[in-house]
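Below is one structure, written out as structure tokens; the observations come after it.
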Amino acid sequence: MKRYCQTLSLRDDEELIKKYVEVHAQVWPEVMQGQHEVGILDMQIYRFGNQVFMICDTVDDFDWEKDMDRLAQLPRQAEWEAFVAEYQGCDPNAPSTDKWHLMEKIYQLK
């Protein structure tokens with residue numbers, strides 16, 4: 001399994017942040033199906049203020065750029081990205097890889 005961690009800044013607006021949290025309680029089935037289809041095993045998003053942090057666990061042969069590009073082409077994915085961009089303060093036409101920033105692991109307790 002591979003793990004990717006990313007961060008993103010939401011628009012600094014409590015009402016929009018509340019709605020962002022609400023829409024993630026009801027992610028569209030086609031979006032979740034597409035995530036599984038490209039090799040994402042689990043995804044979690046955490047929030048602190050207007051910062052969100054995503055943990056994405058994938059299959060061993062997952063290639064971040066190739067498989068995220070493939071995900072972007074699946075049904076309703078572009079629509080979902082444009083929909084949540086309102087809360088993220090991002091260009092609704094920007095791909096997910098331009099909005100979310102991969103983080104470097106600097107410590108692991110063994």
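Convention: chains lettered A, B, ... in structure tokens order; per-chain residue numbering from 1; ligands numbered from 1 as shown.
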- [ ] Excluding Leu10 of chain A and residues on its chain fewer than 3 positions from it, collect all residues at most 9 Å away from it, counting only C-alpha atoms, and give them as a list in words.
- [x]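 That gives Asp13, Leu16, Ile17, Tyr20, Gly49, Asn50, Gln51, Val52, Ala85, Tyr87, Gln88, Gly89 and Cys90 of chain A.
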Atoms to include: C-alpha atoms. Write the selected residues as a compact mmCIF listing (two decimals), in the first residue's frame.
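What landed in out.txt:
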```
# COMPACT_ATOMS: atom_id res chain seq x y z
CA ASP A 13 -15.64 31.72 5.39
CA LEU A 16 -18.79 27.89 3.23
CA ILE A 17 -16.57 25.66 5.39
CA TYR A 20 -17.93 21.90 2.49
CA GLY A 49 -9.93 25.98 10.64
CA ASN A 50 -9.81 26.58 6.90
CA GLN A 51 -7.05 24.01 6.33
CA VAL A 52 -7.88 20.49 5.18
CA ALA A 85 -14.01 24.39 -5.96
CA TYR A 87 -15.55 26.16 -1.16
CA GLN A 88 -11.87 25.77 -1.92
CA GLY A 89 -11.47 29.16 -3.54
CA CYS A 90 -9.86 27.51 -6.58
```
- [ ] Check the DSSP output for the backbone and give back, as an NGL selection string, the residues of segment 3-106 of chain A in strand (DSSP E).
- [x] :A and (3-9 or 40-48 or 51-58 or 101-102)
Next, the residues of the selection above should be written as a PDB file, in the first residue's frame with N, CA and C atoms.
```pdb
ATOM      1  N   ARG A   3       0.813   5.515   0.604  1.00  0.00           N
ATOM      2  CA  ARG A   3       0.038   6.559   1.283  1.00  0.00           C
ATOM      3  C   ARG A   3       0.503   7.918   0.776  1.00  0.00           C
ATOM      4  N   TYR A   4      -0.465   8.759   0.430  1.00  0.00           N
ATOM      5  CA  TYR A   4      -0.198  10.124   0.009  1.00  0.00           C
ATOM      6  C   TYR A   4      -0.926  11.056   0.967  1.00  0.00           C
ATOM      7  N   CYS A   5      -0.279  12.133   1.353  1.00  0.00           N
ATOM      8  CA  CYS A   5      -0.894  13.136   2.223  1.00  0.00           C
ATOM      9  C   CYS A   5      -0.838  14.468   1.505  1.00  0.00           C
ATOM     10  N   GLN A   6      -1.956  15.185   1.569  1.00  0.00           N
ATOM     11  CA  GLN A   6      -2.065  16.453   0.856  1.00  0.00           C
ATOM     12  C   GLN A   6      -2.741  17.490   1.737  1.00  0.00           C
ATOM     13  N   THR A   7      -2.536  18.735   1.395  1.00  0.00           N
ATOM     14  CA  THR A   7      -3.198  19.825   2.105  1.00  0.00           C
ATOM     15  C   THR A   7      -3.799  20.805   1.105  1.00  0.00           C
ATOM     16  N   LEU A   8      -4.803  21.514   1.579  1.00  0.00           N
ATOM     17  CA  LEU A   8      -5.498  22.494   0.751  1.00  0.00           C
ATOM     18  C   LEU A   8      -6.098  23.536   1.683  1.00  0.00           C
ATOM     19  N   SER A   9      -6.125  24.782   1.253  1.00  0.00           N
ATOM     20  CA  SER A   9      -6.759  25.856   2.023  1.00  0.00           C
ATOM     21  C   SER A   9      -8.158  26.112   1.485  1.00  0.00           C
ATOM     22  N   ILE A  40      -7.569   3.755  -5.437  1.00  0.00           N
ATOM     23  CA  ILE A  40      -7.593   4.381  -4.117  1.00  0.00           C
ATOM     24  C   ILE A  40      -8.365   3.445  -3.188  1.00  0.00           C
ATOM     25  N   LEU A  41      -7.691   2.993  -2.148  1.00  0.00           N
ATOM     26  CA  LEU A  41      -8.284   2.054  -1.203  1.00  0.00           C
ATOM     27  C   LEU A  41      -9.063   2.759  -0.096  1.00  0.00           C
ATOM     28  N   ASP A  42      -8.529   3.872   0.361  1.00  0.00           N
ATOM     29  CA  ASP A  42      -9.164   4.626   1.430  1.00  0.00           C
ATOM     30  C   ASP A  42      -8.748   6.085   1.298  1.00  0.00           C
ATOM     31  N   MET A  43      -9.652   6.962   1.689  1.00  0.00           N
ATOM     32  CA  MET A  43      -9.356   8.390   1.668  1.00  0.00           C
ATOM     33  C   MET A  43     -10.019   9.013   2.886  1.00  0.00           C
ATOM     34  N   GLN A  44      -9.265   9.835   3.590  1.00  0.00           N
ATOM     35  CA  GLN A  44      -9.795  10.546   4.751  1.00  0.00           C
ATOM     36  C   GLN A  44      -9.407  12.010   4.631  1.00  0.00           C
ATOM     37  N   ILE A  45     -10.317  12.884   5.057  1.00  0.00           N
ATOM     38  CA  ILE A  45     -10.032  14.323   5.056  1.00  0.00           C
ATOM     39  C   ILE A  45     -10.279  14.846   6.464  1.00  0.00           C
ATOM     40  N   TYR A  46      -9.319  15.593   6.975  1.00  0.00           N
ATOM     41  CA  TYR A  46      -9.407  16.218   8.290  1.00  0.00           C
ATOM     42  C   TYR A  46      -9.359  17.731   8.106  1.00  0.00           C
ATOM     43  N   ARG A  47      -9.969  18.449   9.050  1.00  0.00           N
ATOM     44  CA  ARG A  47     -10.026  19.904   8.950  1.00  0.00           C
ATOM     45  C   ARG A  47      -9.560  20.554  10.243  1.00  0.00           C
ATOM     46  N   PHE A  48      -8.831  21.646  10.088  1.00  0.00           N
ATOM     47  CA  PHE A  48      -8.482  22.529  11.196  1.00  0.00           C
ATOM     48  C   PHE A  48      -8.650  23.945  10.667  1.00  0.00           C
ATOM     49  N   GLN A  51      -8.015  24.924   6.931  1.00  0.00           N
ATOM     50  CA  GLN A  51      -7.045  24.005   6.333  1.00  0.00           C
ATOM     51  C   GLN A  51      -7.610  22.592   6.342  1.00  0.00           C
ATOM     52  N   VAL A  52      -7.488  21.901   5.223  1.00  0.00           N
ATOM     53  CA  VAL A  52      -7.882  20.494   5.179  1.00  0.00           C
ATOM     54  C   VAL A  52      -6.667  19.657   4.823  1.00  0.00           C
ATOM     55  N   PHE A  53      -6.677  18.447   5.339  1.00  0.00           N
ATOM     56  CA  PHE A  53      -5.568  17.514   5.187  1.00  0.00           C
ATOM     57  C   PHE A  53      -6.156  16.187   4.736  1.00  0.00           C
ATOM     58  N   MET A  54      -5.658  15.647   3.635  1.00  0.00           N
ATOM     59  CA  MET A  54      -6.173  14.403   3.081  1.00  0.00           C
ATOM     60  C   MET A  54      -5.126  13.300   3.187  1.00  0.00           C
ATOM     61  N   ILE A  55      -5.583  12.142   3.632  1.00  0.00           N
ATOM     62  CA  ILE A  55      -4.760  10.932   3.620  1.00  0.00           C
ATOM     63  C   ILE A  55      -5.371  10.027   2.568  1.00  0.00           C
ATOM     64  N   CYS A  56      -4.562   9.580   1.639  1.00  0.00           N
ATOM     65  CA  CYS A  56      -5.039   8.770   0.531  1.00  0.00           C
ATOM     66  C   CYS A  56      -4.192   7.495   0.463  1.00  0.00           C
ATOM     67  N   ASP A  57      -4.809   6.355   0.775  1.00  0.00           N
ATOM     68  CA  ASP A  57      -4.123   5.063   0.701  1.00  0.00           C
ATOM     69  C   ASP A  57      -4.482   4.403  -0.615  1.00  0.00           C
ATOM     70  N   THR A  58      -3.462   3.904  -1.305  1.00  0.00           N
ATOM     71  CA  THR A  58      -3.661   3.353  -2.653  1.00  0.00           C
ATOM     72  C   THR A  58      -3.024   1.979  -2.782  1.00  0.00           C
ATOM     73  N   HIS A 101      -1.980  19.949  -2.468  1.00  0.00           N
ATOM     74  CA  HIS A 101      -0.518  19.943  -2.491  1.00  0.00           C
ATOM     75  C   HIS A 101       0.010  18.737  -1.724  1.00  0.00           C
ATOM     76  N   LEU A 102       0.763  17.904  -2.432  1.00  0.00           N
ATOM     77  CA  LEU A 102       1.353  16.733  -1.782  1.00  0.00           C
ATOM     78  C   LEU A 102       2.322  17.171  -0.697  1.00  0.00           C
TER      79      LEU A 102
END
```
- [ ] Record the distance separating atom CA of Pro29 of chain A and atom CA of Ser96 of chain A, expressed in Å with one decimal.
- [x] 18.0 Å
Open item on the list: So that I can see what lies close to Val38 of chain A, please list as a PyMOL selection string the residues with an atom at most 9 Å from it, counting only C-alpha atoms and leaving out residues fewer than 6 positions away in the same chain.
Closed with: chain A and resi 58-59+62+67-68+70-71
Dump of N, CA and C atoms for the selected residues, as a PDB file, in the first residue's frame:
```
ATOM      1  N   THR A  58      -3.462   3.904  -1.305  1.00  0.00           N
ATOM      2  CA  THR A  58      -3.661   3.353  -2.653  1.00  0.00           C
ATOM      3  C   THR A  58      -3.024   1.979  -2.782  1.00  0.00           C
ATOM      4  N   VAL A  59      -3.312   1.341  -3.905  1.00  0.00           N
ATOM      5  CA  VAL A  59      -2.662   0.080  -4.241  1.00  0.00           C
ATOM      6  C   VAL A  59      -1.168   0.340  -4.467  1.00  0.00           C
ATOM      7  N   PHE A  62       0.125   2.185  -7.681  1.00  0.00           N
ATOM      8  CA  PHE A  62      -0.505   3.464  -7.976  1.00  0.00           C
ATOM      9  C   PHE A  62       0.558   4.469  -8.413  1.00  0.00           C
ATOM     10  N   ASP A  67      -2.622   8.020 -12.467  1.00  0.00           N
ATOM     11  CA  ASP A  67      -3.910   7.555 -11.966  1.00  0.00           C
ATOM     12  C   ASP A  67      -4.835   8.694 -11.555  1.00  0.00           C
ATOM     13  N   MET A  68      -4.288   9.798 -11.071  1.00  0.00           N
ATOM     14  CA  MET A  68      -5.139  10.954 -10.772  1.00  0.00           C
ATOM     15  C   MET A  68      -5.651  11.581 -12.069  1.00  0.00           C
ATOM     16  N   ARG A  70      -6.264   9.809 -14.741  1.00  0.00           N
ATOM     17  CA  ARG A  70      -7.306   8.861 -15.142  1.00  0.00           C
ATOM     18  C   ARG A  70      -8.597   9.115 -14.350  1.00  0.00           C
ATOM     19  N   LEU A  71      -8.457   9.369 -13.050  1.00  0.00           N
ATOM     20  CA  LEU A  71      -9.624   9.665 -12.223  1.00  0.00           C
ATOM     21  C   LEU A  71     -10.364  10.898 -12.752  1.00  0.00           C
TER      22      LEU A  71
END
```
Open item on the list: DSSP on the backbone, alpha helix (DSSP H) only: what residues of chain A does that give? Format it as a ChimeraX atom specification.
Closed with: /A:14-24,29-37,64-72,77-88,96-99
Task: Nearest candidate to Phe83 of chain A (options A:Asp60, A:Glu14, A:Gly39, A:Trp28; using only C-alpha atoms) - done: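 That would be A:Trp28, the residue with the smallest distance to Phe83 of chain A.
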TODO: Find the residue from A:Lys2, A:Val31, A:Lys110, A:Lys105 that sits nearest to Glu81 of chain A; use only C-alpha atoms when measuring.
DONE: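 Smallest separation from Glu81 of chain A among the options: A:Val31.
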Open item on the list: Just to confirm, what's the straight-line distance from atom CA of Gly34 of chain A to atom CA of Lys66 of chain A in Å (one decimal)?
Closed with: 14.0 Å
- [ ] Go ahead and compute the interatomic distance for atom CA of Gln73 of chain A and atom CA of Arg11 of chain A, in Å to one decimal.
- [x] 26.0 Å
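Of the listed residues A:Asp98, A:Asp69, A:Arg76, A:Asp61, the one whose atoms come nearest to Gln33 of chain A is A:Arg76, with distances taken using only C-alpha atoms.
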